[in-house]
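Student: I'd like to ask some things about the structure below.
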Amino acid sequence: MAFCAFIGDAVTAAGFRLAGVAVHHPCPGEATDLFERLCLDSRLILITTEMAEALPPDRLRQVQRAGRPLVLVVSDARGLHPAPDLAGRMRHQLGLGE
């Protein structure tokens with residue numbers, strides 16, 4: 001069982017590997033099966049936006065709401081696929097944004 005797992009591109013994975021994270025860089029078609037396996041074996045899953053978009057949207061939301069494992073969508077190291085702007089969404093929901 002890995003405490004923390006990363007799913008994403010090889011370049012971003014290299015940085016997480018240096019930090020001791022178990023890294024995986026599947027083809028987008030393999031992302032769903034890998035995500036399901038890691039949900040059973042990991043306590044924290046870091047997944048790039050690109051790989052998160054390859055998952056069924058309802059499944060990602062379901063796992064995030066359950067809180068186990070913790071799932072965080074992150075941007076890739078090259079900045080090609082930025083992570084969602086959670087702070088901006090919260091400001092908008094609270095009526096504080098444009």
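Labels for the structure tokens follow display order: chains A, B, ..., residues from 1 in each chain, ligands from 1.
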Run DSSP on the backbone and give me the residues of chain A it puts in strand (DSSP E or B), as number ranges by chain.
Tutor: A: 2-7, 22-24, 42-48, 70-74
Student: Skip region 33-38 of chain A itself and residues of its chain fewer than 4 positions away, then list as a list in words all residues within 8 Å of it, counting only C-alpha atoms.
Tutor: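 The residues that qualify are Ala5, Ile7, Pro26, Ser42 and Ile45 of chain A.
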Student: In terms of the shortest atom-to-atom distance over only C-alpha atoms, which of A:Gln64, A:Gly8, A:Phe3, A:Leu40 is closest to Gly20 (chain A)?
Tutor: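 Closest to Gly20 (chain A), using only C-alpha atoms: A:Phe3.
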Student: Write out as a VMD selection string the residues lying within 12 Å of Gly67 (chain A), counting only C-alpha atoms and excluding same-chain residues fewer than 4 positions away.
Tutor: chain A and resid 39 42 to 45 60 to 63 71 to 72
Student: Report, in Å to a single decimal, how far apart CA of Leu46 (chain A) and CA of His24 (chain A) are.
Tutor: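 Going from CA of His24 (chain A) over to CA of Leu46 (chain A), I get 10.3 Å.
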Student: How many Å lie between CA of Ala66 (chain A) and CA of Ala13 (chain A), rounded to one decimal?
Tutor: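 According to the coordinates, CA of Ala66 (chain A) and CA of Ala13 (chain A) are separated by 25.5 Å.
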Student: DSSP says alpha helix (DSSP H) for which residues of chain A? Put them as a PDB file with N, CA and C atoms, in the first residue's frame?
Tutor:
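File produced: states-v5.pdb:
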```
ATOM      1  N   ALA A  10       5.081  11.909 -17.592  1.00  0.00           N
ATOM      2  CA  ALA A  10       6.403  11.477 -17.128  1.00  0.00           C
ATOM      3  C   ALA A  10       7.241  12.627 -16.576  1.00  0.00           C
ATOM      4  N   VAL A  11       7.134  13.812 -17.154  1.00  0.00           N
ATOM      5  CA  VAL A  11       7.940  14.948 -16.689  1.00  0.00           C
ATOM      6  C   VAL A  11       7.538  15.341 -15.269  1.00  0.00           C
ATOM      7  N   THR A  12       6.246  15.477 -15.030  1.00  0.00           N
ATOM      8  CA  THR A  12       5.765  15.831 -13.694  1.00  0.00           C
ATOM      9  C   THR A  12       6.043  14.697 -12.716  1.00  0.00           C
ATOM     10  N   ALA A  13       5.905  13.467 -13.195  1.00  0.00           N
ATOM     11  CA  ALA A  13       6.151  12.301 -12.348  1.00  0.00           C
ATOM     12  C   ALA A  13       7.580  12.282 -11.818  1.00  0.00           C
ATOM     13  N   ALA A  14       8.532  12.754 -12.616  1.00  0.00           N
ATOM     14  CA  ALA A  14       9.933  12.749 -12.183  1.00  0.00           C
ATOM     15  C   ALA A  14      10.116  13.559 -10.899  1.00  0.00           C
ATOM     16  N   GLY A  15       9.469  14.695 -10.807  1.00  0.00           N
ATOM     17  CA  GLY A  15       9.567  15.511  -9.595  1.00  0.00           C
ATOM     18  C   GLY A  15       8.948  14.831  -8.392  1.00  0.00           C
ATOM     19  N   PHE A  16       7.791  14.228  -8.588  1.00  0.00           N
ATOM     20  CA  PHE A  16       7.142  13.533  -7.475  1.00  0.00           C
ATOM     21  C   PHE A  16       7.940  12.301  -7.053  1.00  0.00           C
ATOM     22  N   ARG A  17       8.579  11.633  -8.020  1.00  0.00           N
ATOM     23  CA  ARG A  17       9.401  10.465  -7.692  1.00  0.00           C
ATOM     24  C   ARG A  17      10.557  10.872  -6.780  1.00  0.00           C
ATOM     25  N   LEU A  18      11.151  12.031  -7.040  1.00  0.00           N
ATOM     26  CA  LEU A  18      12.240  12.528  -6.190  1.00  0.00           C
ATOM     27  C   LEU A  18      11.777  12.778  -4.760  1.00  0.00           C
ATOM     28  N   ALA A  31      -6.068   5.216 -17.615  1.00  0.00           N
ATOM     29  CA  ALA A  31      -6.165   6.018 -16.390  1.00  0.00           C
ATOM     30  C   ALA A  31      -7.276   5.543 -15.466  1.00  0.00           C
ATOM     31  N   THR A  32      -8.422   5.169 -16.016  1.00  0.00           N
ATOM     32  CA  THR A  32      -9.555   4.774 -15.173  1.00  0.00           C
ATOM     33  C   THR A  32      -9.243   3.525 -14.369  1.00  0.00           C
ATOM     34  N   ASP A  33      -8.706   2.495 -15.026  1.00  0.00           N
ATOM     35  CA  ASP A  33      -8.377   1.256 -14.310  1.00  0.00           C
ATOM     36  C   ASP A  33      -7.317   1.504 -13.235  1.00  0.00           C
ATOM     37  N   LEU A  34      -6.307   2.283 -13.569  1.00  0.00           N
ATOM     38  CA  LEU A  34      -5.256   2.600 -12.598  1.00  0.00           C
ATOM     39  C   LEU A  34      -5.827   3.388 -11.426  1.00  0.00           C
ATOM     40  N   PHE A  35      -6.670   4.374 -11.705  1.00  0.00           N
ATOM     41  CA  PHE A  35      -7.290   5.180 -10.652  1.00  0.00           C
ATOM     42  C   PHE A  35      -8.085   4.298  -9.697  1.00  0.00           C
ATOM     43  N   GLU A  36      -8.864   3.368 -10.235  1.00  0.00           N
ATOM     44  CA  GLU A  36      -9.667   2.474  -9.387  1.00  0.00           C
ATOM     45  C   GLU A  36      -8.776   1.614  -8.499  1.00  0.00           C
ATOM     46  N   ARG A  37      -7.676   1.092  -9.051  1.00  0.00           N
ATOM     47  CA  ARG A  37      -6.741   0.286  -8.251  1.00  0.00           C
ATOM     48  C   ARG A  37      -6.120   1.118  -7.139  1.00  0.00           C
ATOM     49  N   LEU A  38      -5.704   2.327  -7.473  1.00  0.00           N
ATOM     50  CA  LEU A  38      -5.059   3.181  -6.479  1.00  0.00           C
ATOM     51  C   LEU A  38      -6.036   3.651  -5.409  1.00  0.00           C
ATOM     52  N   CYS A  39      -7.312   3.760  -5.748  1.00  0.00           N
ATOM     53  CA  CYS A  39      -8.319   4.131  -4.739  1.00  0.00           C
ATOM     54  C   CYS A  39      -8.383   3.086  -3.629  1.00  0.00           C
ATOM     55  N   LEU A  40      -8.101   1.850  -3.964  1.00  0.00           N
ATOM     56  CA  LEU A  40      -8.123   0.775  -2.973  1.00  0.00           C
ATOM     57  C   LEU A  40      -6.832   0.716  -2.154  1.00  0.00           C
ATOM     58  N   ASP A  41      -5.726   1.180  -2.740  1.00  0.00           N
ATOM     59  CA  ASP A  41      -4.412   0.978  -2.129  1.00  0.00           C
ATOM     60  C   ASP A  41      -3.720   2.223  -1.593  1.00  0.00           C
ATOM     61  N   THR A  49      -4.460  17.343 -14.224  1.00  0.00           N
ATOM     62  CA  THR A  49      -5.720  17.727 -14.858  1.00  0.00           C
ATOM     63  C   THR A  49      -5.974  16.883 -16.097  1.00  0.00           C
ATOM     64  N   GLU A  50      -4.939  16.660 -16.894  1.00  0.00           N
ATOM     65  CA  GLU A  50      -5.079  15.872 -18.123  1.00  0.00           C
ATOM     66  C   GLU A  50      -5.586  14.463 -17.817  1.00  0.00           C
ATOM     67  N   MET A  51      -5.016  13.809 -16.820  1.00  0.00           N
ATOM     68  CA  MET A  51      -5.458  12.460 -16.463  1.00  0.00           C
ATOM     69  C   MET A  51      -6.833  12.481 -15.804  1.00  0.00           C
ATOM     70  N   ALA A  52      -7.112  13.500 -15.013  1.00  0.00           N
ATOM     71  CA  ALA A  52      -8.428  13.611 -14.371  1.00  0.00           C
ATOM     72  C   ALA A  52      -9.525  13.744 -15.420  1.00  0.00           C
ATOM     73  N   GLU A  53      -9.226  14.442 -16.525  1.00  0.00           N
ATOM     74  CA  GLU A  53     -10.203  14.598 -17.598  1.00  0.00           C
ATOM     75  C   GLU A  53     -10.463  13.286 -18.323  1.00  0.00           C
ATOM     76  N   PRO A  57     -16.319  11.710 -15.110  1.00  0.00           N
ATOM     77  CA  PRO A  57     -16.449  12.856 -14.195  1.00  0.00           C
ATOM     78  C   PRO A  57     -17.208  12.519 -12.917  1.00  0.00           C
ATOM     79  N   ASP A  58     -18.228  11.710 -13.019  1.00  0.00           N
ATOM     80  CA  ASP A  58     -18.991  11.358 -11.820  1.00  0.00           C
ATOM     81  C   ASP A  58     -18.149  10.555 -10.838  1.00  0.00           C
ATOM     82  N   ARG A  59     -17.268   9.702 -11.351  1.00  0.00           N
ATOM     83  CA  ARG A  59     -16.444   8.866 -10.473  1.00  0.00           C
ATOM     84  C   ARG A  59     -15.439   9.714  -9.695  1.00  0.00           C
ATOM     85  N   LEU A  60     -14.802  10.658 -10.365  1.00  0.00           N
ATOM     86  CA  LEU A  60     -13.840  11.523  -9.680  1.00  0.00           C
ATOM     87  C   LEU A  60     -14.540  12.314  -8.578  1.00  0.00           C
ATOM     88  N   ARG A  61     -15.689  12.902  -8.879  1.00  0.00           N
ATOM     89  CA  ARG A  61     -16.437  13.657  -7.862  1.00  0.00           C
ATOM     90  C   ARG A  61     -16.864  12.763  -6.703  1.00  0.00           C
ATOM     91  N   GLN A  62     -17.283  11.538  -7.016  1.00  0.00           N
ATOM     92  CA  GLN A  62     -17.725  10.604  -5.976  1.00  0.00           C
ATOM     93  C   GLN A  62     -16.585  10.302  -4.999  1.00  0.00           C
ATOM     94  N   VAL A  63     -15.409  10.031  -5.518  1.00  0.00           N
ATOM     95  CA  VAL A  63     -14.259   9.723  -4.660  1.00  0.00           C
ATOM     96  C   VAL A  63     -13.849  10.960  -3.866  1.00  0.00           C
ATOM     97  N   GLN A  64     -13.868  12.128  -4.499  1.00  0.00           N
ATOM     98  CA  GLN A  64     -13.494  13.352  -3.785  1.00  0.00           C
ATOM     99  C   GLN A  64     -14.474  13.648  -2.653  1.00  0.00           C
ATOM    100  N   ARG A  65     -15.747  13.415  -2.874  1.00  0.00           N
ATOM    101  CA  ARG A  65     -16.738  13.654  -1.819  1.00  0.00           C
ATOM    102  C   ARG A  65     -16.587  12.668  -0.669  1.00  0.00           C
ATOM    103  N   ALA A  66     -16.241  11.429  -0.992  1.00  0.00           N
ATOM    104  CA  ALA A  66     -16.083  10.408   0.046  1.00  0.00           C
ATOM    105  C   ALA A  66     -14.903  10.742   0.965  1.00  0.00           C
ATOM    106  N   LEU A  86      -9.868  26.535  -7.576  1.00  0.00           N
ATOM    107  CA  LEU A  86     -10.819  26.287  -6.493  1.00  0.00           C
ATOM    108  C   LEU A  86     -11.136  27.555  -5.715  1.00  0.00           C
ATOM    109  N   ALA A  87     -10.142  28.387  -5.483  1.00  0.00           N
ATOM    110  CA  ALA A  87     -10.382  29.630  -4.738  1.00  0.00           C
ATOM    111  C   ALA A  87     -11.326  30.540  -5.517  1.00  0.00           C
ATOM    112  N   GLY A  88     -11.136  30.622  -6.824  1.00  0.00           N
ATOM    113  CA  GLY A  88     -12.014  31.436  -7.658  1.00  0.00           C
ATOM    114  C   GLY A  88     -13.442  30.924  -7.655  1.00  0.00           C
ATOM    115  N   ARG A  89     -13.584  29.606  -7.708  1.00  0.00           N
ATOM    116  CA  ARG A  89     -14.934  29.022  -7.657  1.00  0.00           C
ATOM    117  C   ARG A  89     -15.609  29.316  -6.330  1.00  0.00           C
ATOM    118  N   MET A  90     -14.851  29.243  -5.240  1.00  0.00           N
ATOM    119  CA  MET A  90     -15.420  29.534  -3.923  1.00  0.00           C
ATOM    120  C   MET A  90     -15.854  30.997  -3.829  1.00  0.00           C
ATOM    121  N   ARG A  91     -15.008  31.919  -4.315  1.00  0.00           N
ATOM    122  CA  ARG A  91     -15.377  33.336  -4.296  1.00  0.00           C
ATOM    123  C   ARG A  91     -16.656  33.572  -5.096  1.00  0.00           C
ATOM    124  N   HIS A  92     -16.769  32.929  -6.242  1.00  0.00           N
ATOM    125  CA  HIS A  92     -17.965  33.068  -7.076  1.00  0.00           C
ATOM    126  C   HIS A  92     -19.198  32.530  -6.349  1.00  0.00           C
ATOM    127  N   GLN A  93     -19.069  31.361  -5.732  1.00  0.00           N
ATOM    128  CA  GLN A  93     -20.190  30.761  -5.006  1.00  0.00           C
ATOM    129  C   GLN A  93     -20.638  31.635  -3.837  1.00  0.00           C
TER     130      GLN A  93
END
```
Student: Restricting the calculation to only C-alpha atoms: of A:Val21, A:Leu94, A:Pro28, A:Thr48, which residue gets closest to Val73 (chain A)?
Tutor: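 For Val73 (chain A), the nearest of the candidates is A:Thr48.
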Student: Find the distance between CA of Val74 (chain A) and CA of Leu96 (chain A) and write it in Å to one decimal.
Tutor: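 Atom-to-atom, CA of Val74 (chain A) and CA of Leu96 (chain A) are spaced 24.3 Å apart.
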